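Down below is the structure, laid out as structure tokens.
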Amino acid sequence: MALERGMTIEQLNALGEHEAFTDTEVDDYQTKLGASGASFIIDGRMSWHCIPHAFKIFLTVDPDEGARRVFSASKEGREDEQTYHSAEELKTALQERNASDQRRYQKYYGVDFLDPHNYDMVIDTTHLSPEQIFEQILQKAPKT
């Protein structure tokens with residue numbers, strides 16, 4: 001959505017604090033997808049709210065480790081992200097993005113996406129490999 005409008009994610013989030021369409025378009029899509037009866041895995045900060053009957057997983061990470069991971073991955077470049085010169089600079093941007101998301105979701109939906117009570121499972125990924133995370137999910141996810 002940011003790319004379609006010639007913006008970065010940060011600019012789109014700032015717009016979203018005043019214009020609901022930046023969230024409602026995505027959230028309406030998720031709601032329709034959830035009602036479709038299809039089986040899928042989706043990643044989104046409001047997916048737990050838009051698809052309430054889903055098995056909801058919240059992945060956390062220490063902010064320093066999260067910034068290091070994203071900074072390392074960002075070296076490959078993304079058109080919708082601005083360039084950061086250090087993991088510390090990116091950490092600040094990620095904290096600002098979370099704060100913006102919290103303000104918008106509280107304003108438009110009256111919810112806190114960071115509240116662990118919204119999820120069926122919370123996993124701290126700081127010291128886990130993707131394979132270890134997957135194993136934890138398999139252990140707890142409902143069998144279909």
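Every chain in the structure tokens has a letter given in the order shown (A, B, ...), and although residue numbers restart at 1 in each chain, ligands are simply numbered from 1 in the order shown.
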**Report entry** Neighbour list for segment 64-68 of chain A as a PyMOL selection string, cut-off 12 Å, only C-alpha atoms, skip fewer than 5 positions in-chain
**Finding:** chain A and resi 59+73-75+84-95+124-128
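Residues in contact with segment 47-49 of chain A at up to 9 Å, not including ones fewer than 4 positions away on its chain and judged by only C-alpha atoms, are A:Asp27, A:Gln30, A:Thr31, A:Gly34, A:Ile42, A:Asp43, A:His53, A:Ala54, A:Phe55, A:Lys56, A:Ile57, A:Val111, A:Phe113, A:Asn118, A:Tyr119.
Running DSSP on the backbone and keeping only strand (DSSP E or B), the residues of segment 28-82 of chain A that qualify are Ile57, Phe58, Leu59 and Thr60 of chain A.
Proximity to Thr24 of chain A was assessed for A:Gln132, A:Pro52, A:Met46, A:Lys140 counting only C-alpha atoms; the smallest distance is recorded for A:Met46.
Distance annotation: of A:Leu138, A:Ile51, A:Thr22, A:Met1, the residue with the minimal separation from Ser36 of chain A is A:Ile51; atom set is only C-alpha atoms.
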